[in-house]
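The block underneath contains the structure these notes are about, expressed in structure tokens.
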Amino acid sequence: MSGPMGNNLTSSCTWQIAYITKGLATVVPYGGPGKSVRPGARLTDSLSQAHWLALAGLVRNFMGRAGVRFDSGSDEVQLADAEEMEDDIAIVGILMWMARRRADFLDEFCRSRDIPLVKH
């Protein structure tokens, strides 16, 4: 296989994001189409370490509620640094899903912590 889905890291991250967001859809509050859905939402290009840790904690908390977990390292991506990178990529993908499909919830979380995540 060639192209962007032709390597293990890309396909693993794509699979994880799809699997985890499916589980999160059942537990992350949904305010309705007018509030929650913003298909054109974009994330900021950089965050402080403190903001990143808060957002990663949010994702992990809801993953626990949904009964889903990261599955990094299960294929050929087995080095500790690669597994951490794979989890971080999945978190960014999950945050993008939240920004587009649970915007009101994510906005409230970020606003209350002064985290500039979503570009307006």
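By convention here, the chains of the structure tokens are called A, B, ... in the order presented, each chain's residues are numbered starting at 1, and ligands are numbered starting at 1 in the order presented.
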
In chain A, DSSP strand (DSSP E) residues written as JSON, numbers by chain: {"A": [42, 43, 118, 119]}

Those selected residues, please, written with all heavy atoms and delivered as a JSON list (two decimals), in the first residue's frame.
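Generated output (result.json):
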```json
[["chain", "number", "residue", "atom", "x", "y", "z"],
["A", 42, "ARG", "N", -10.94, 24.81, 13.64],
["A", 42, "ARG", "CA", -9.50, 24.50, 13.53],
["A", 42, "ARG", "C", -8.85, 24.72, 14.88],
["A", 42, "ARG", "O", -9.23, 25.61, 15.64],
["A", 42, "ARG", "CB", -8.85, 25.42, 12.49],
["A", 42, "ARG", "CG", -9.36, 25.16, 11.10],
["A", 42, "ARG", "CD", -8.74, 26.05, 10.07],
["A", 42, "ARG", "NE", -7.54, 26.71, 10.56],
["A", 42, "ARG", "CZ", -6.93, 27.69, 9.95],
["A", 42, "ARG", "NH1", -7.38, 28.15, 8.83],
["A", 42, "ARG", "NH2", -5.84, 28.24, 10.45],
["A", 43, "LEU", "N", -7.85, 23.91, 15.16],
["A", 43, "LEU", "CA", -7.11, 24.03, 16.42],
["A", 43, "LEU", "C", -5.94, 24.99, 16.25],
["A", 43, "LEU", "O", -5.41, 25.15, 15.16],
["A", 43, "LEU", "CB", -6.58, 22.66, 16.86],
["A", 43, "LEU", "CG", -7.62, 21.56, 17.07],
["A", 43, "LEU", "CD1", -6.95, 20.29, 17.54],
["A", 43, "LEU", "CD2", -8.70, 21.99, 18.05],
["A", 118, "VAL", "N", -9.19, 26.51, 20.18],
["A", 118, "VAL", "CA", -9.88, 26.59, 18.89],
["A", 118, "VAL", "C", -9.70, 27.99, 18.30],
["A", 118, "VAL", "O", -9.93, 28.99, 18.98],
["A", 118, "VAL", "CB", -11.38, 26.25, 19.03],
["A", 118, "VAL", "CG1", -12.09, 26.35, 17.70],
["A", 118, "VAL", "CG2", -11.54, 24.85, 19.63],
["A", 119, "LYS", "N", -9.31, 28.03, 17.04],
["A", 119, "LYS", "CA", -9.19, 29.30, 16.34],
["A", 119, "LYS", "C", -10.59, 29.79, 15.98],
["A", 119, "LYS", "O", -11.41, 29.02, 15.49],
["A", 119, "LYS", "CB", -8.38, 29.15, 15.04],
["A", 119, "LYS", "CG", -6.94, 28.82, 15.27],
["A", 119, "LYS", "CD", -6.22, 28.70, 13.92],
["A", 119, "LYS", "CE", -4.77, 28.36, 14.12],
["A", 119, "LYS", "NZ", -4.07, 28.25, 12.84]]
```

Option closest in space to Ile91 in chain A, from A:Leu106, A:Val59, A:Ala18, A:Leu117 [counting only C-alpha atoms]: A:Val59

For Ser36 in chain A: contacts at 10 Å, only C-alpha atoms, fewer than 5 positions along chain excluded, given as number ranges by chain: A: 29-31, 98-107

Would you save the residues from that selection as an mmCIF file, in the first residue's frame, using all heavy atoms?
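Okay, out-v5.cif is ready:
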```cif
data_model
loop_
_atom_site.group_PDB
_atom_site.id
_atom_site.type_symbol
_atom_site.label_atom_id
_atom_site.label_comp_id
_atom_site.auth_asym_id
_atom_site.auth_seq_id
_atom_site.Cartn_x
_atom_site.Cartn_y
_atom_site.Cartn_z
ATOM 1 N N PRO A 29 -20.945 15.391 26.465
ATOM 2 C CA PRO A 29 -22.227 16.083 26.286
ATOM 3 C C PRO A 29 -22.388 16.693 24.888
ATOM 4 O O PRO A 29 -21.462 17.259 24.327
ATOM 5 C CB PRO A 29 -22.179 17.190 27.341
ATOM 6 C CG PRO A 29 -21.231 16.685 28.371
ATOM 7 C CD PRO A 29 -20.207 15.881 27.623
ATOM 8 N N TYR A 30 -23.603 16.557 24.357
ATOM 9 C CA TYR A 30 -23.946 17.069 23.029
ATOM 10 C C TYR A 30 -25.050 18.094 23.196
ATOM 11 O O TYR A 30 -26.131 17.781 23.672
ATOM 12 C CB TYR A 30 -24.404 15.921 22.129
ATOM 13 C CG TYR A 30 -24.812 16.341 20.741
ATOM 14 C CD1 TYR A 30 -23.869 16.821 19.845
ATOM 15 C CD2 TYR A 30 -26.137 16.266 20.330
ATOM 16 C CE1 TYR A 30 -24.231 17.195 18.562
ATOM 17 C CE2 TYR A 30 -26.507 16.636 19.051
ATOM 18 C CZ TYR A 30 -25.554 17.104 18.172
ATOM 19 O OH TYR A 30 -25.907 17.484 16.909
ATOM 20 N N GLY A 31 -24.776 19.333 22.809
ATOM 21 C CA GLY A 31 -25.736 20.414 22.998
ATOM 22 C C GLY A 31 -26.688 20.628 21.843
ATOM 23 O O GLY A 31 -27.509 21.517 21.885
ATOM 24 N N MET A 98 -13.762 16.833 18.894
ATOM 25 C CA MET A 98 -14.533 17.592 19.877
ATOM 26 C C MET A 98 -14.799 19.015 19.383
ATOM 27 O O MET A 98 -15.903 19.535 19.550
ATOM 28 C CB MET A 98 -13.795 17.649 21.221
ATOM 29 C CG MET A 98 -13.836 16.388 22.015
ATOM 30 S SD MET A 98 -12.966 16.656 23.597
ATOM 31 C CE MET A 98 -13.466 15.209 24.484
ATOM 32 N N ALA A 99 -13.793 19.654 18.790
ATOM 33 C CA ALA A 99 -13.960 21.027 18.302
ATOM 34 C C ALA A 99 -15.027 21.089 17.212
ATOM 35 O O ALA A 99 -15.736 22.096 17.085
ATOM 36 C CB ALA A 99 -12.635 21.562 17.771
ATOM 37 N N ARG A 100 -15.163 20.026 16.445
ATOM 38 C CA ARG A 100 -16.135 20.013 15.338
ATOM 39 C C ARG A 100 -17.471 19.401 15.707
ATOM 40 O O ARG A 100 -18.483 19.739 15.107
ATOM 41 C CB ARG A 100 -15.534 19.255 14.152
ATOM 42 C CG ARG A 100 -14.367 20.006 13.556
ATOM 43 C CD ARG A 100 -13.763 19.282 12.403
ATOM 44 N NE ARG A 100 -12.702 20.107 11.806
ATOM 45 C CZ ARG A 100 -11.908 19.685 10.864
ATOM 46 N NH1 ARG A 100 -12.020 18.469 10.381
ATOM 47 N NH2 ARG A 100 -10.977 20.487 10.384
ATOM 48 N N ARG A 101 -17.496 18.493 16.674
ATOM 49 C CA ARG A 101 -18.735 17.768 16.988
ATOM 50 C C ARG A 101 -19.245 17.966 18.412
ATOM 51 O O ARG A 101 -20.364 17.561 18.726
ATOM 52 C CB ARG A 101 -18.539 16.263 16.757
ATOM 53 C CG ARG A 101 -18.183 15.923 15.340
ATOM 54 C CD ARG A 101 -19.402 16.070 14.451
ATOM 55 N NE ARG A 101 -19.062 15.785 13.071
ATOM 56 C CZ ARG A 101 -19.255 16.635 12.074
ATOM 57 N NH1 ARG A 101 -19.789 17.802 12.293
ATOM 58 N NH2 ARG A 101 -18.916 16.316 10.851
ATOM 59 N N ARG A 102 -18.441 18.519 19.281
ATOM 60 C CA ARG A 102 -18.847 18.826 20.663
ATOM 61 C C ARG A 102 -18.287 20.200 21.038
ATOM 62 O O ARG A 102 -17.718 20.410 22.097
ATOM 63 C CB ARG A 102 -18.334 17.768 21.646
ATOM 64 C CG ARG A 102 -18.848 16.360 21.423
ATOM 65 C CD ARG A 102 -20.360 16.292 21.598
ATOM 66 N NE ARG A 102 -20.853 14.930 21.613
ATOM 67 C CZ ARG A 102 -21.227 14.250 20.538
ATOM 68 N NH1 ARG A 102 -21.148 14.788 19.343
ATOM 69 N NH2 ARG A 102 -21.693 13.013 20.651
ATOM 70 N N ALA A 103 -18.472 21.159 20.147
ATOM 71 C CA ALA A 103 -17.851 22.477 20.266
ATOM 72 C C ALA A 103 -18.241 23.202 21.545
ATOM 73 O O ALA A 103 -17.386 23.789 22.219
ATOM 74 C CB ALA A 103 -18.192 23.326 19.047
ATOM 75 N N ASP A 104 -19.515 23.189 21.895
ATOM 76 C CA ASP A 104 -19.945 23.918 23.096
ATOM 77 C C ASP A 104 -19.284 23.347 24.346
ATOM 78 O O ASP A 104 -18.825 24.082 25.214
ATOM 79 C CB ASP A 104 -21.461 23.939 23.222
ATOM 80 C CG ASP A 104 -22.102 22.559 23.173
ATOM 81 O OD1 ASP A 104 -21.499 21.616 22.600
ATOM 82 O OD2 ASP A 104 -23.217 22.411 23.704
ATOM 83 N N PHE A 105 -19.201 22.036 24.431
ATOM 84 C CA PHE A 105 -18.562 21.394 25.578
ATOM 85 C C PHE A 105 -17.076 21.756 25.645
ATOM 86 O O PHE A 105 -16.565 22.166 26.683
ATOM 87 C CB PHE A 105 -18.737 19.876 25.502
ATOM 88 C CG PHE A 105 -17.911 19.140 26.506
ATOM 89 C CD1 PHE A 105 -18.314 19.076 27.826
ATOM 90 C CD2 PHE A 105 -16.718 18.546 26.148
ATOM 91 C CE1 PHE A 105 -17.539 18.421 28.774
ATOM 92 C CE2 PHE A 105 -15.935 17.885 27.086
ATOM 93 C CZ PHE A 105 -16.350 17.821 28.404
ATOM 94 N N LEU A 106 -16.381 21.619 24.523
ATOM 95 C CA LEU A 106 -14.948 21.917 24.496
ATOM 96 C C LEU A 106 -14.689 23.401 24.753
ATOM 97 O O LEU A 106 -13.757 23.751 25.478
ATOM 98 C CB LEU A 106 -14.327 21.490 23.167
ATOM 99 C CG LEU A 106 -12.812 21.601 23.072
ATOM 100 C CD1 LEU A 106 -12.129 20.733 24.131
ATOM 101 C CD2 LEU A 106 -12.332 21.220 21.680
ATOM 102 N N ASP A 107 -15.511 24.272 24.176
ATOM 103 C CA ASP A 107 -15.360 25.713 24.415
ATOM 104 C C ASP A 107 -15.469 26.043 25.896
ATOM 105 O O ASP A 107 -14.685 26.831 26.428
ATOM 106 C CB ASP A 107 -16.408 26.524 23.644
ATOM 107 C CG ASP A 107 -16.112 26.624 22.161
ATOM 108 O OD1 ASP A 107 -14.983 26.263 21.737
ATOM 109 O OD2 ASP A 107 -17.016 27.051 21.419
#
```

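Using only C-alpha atoms for every distance, the candidate list A:Thr14, A:Thr21, A:Asn8, A:Ser46 yields A:Thr21 as the residue closest to Arg69 in chain A.
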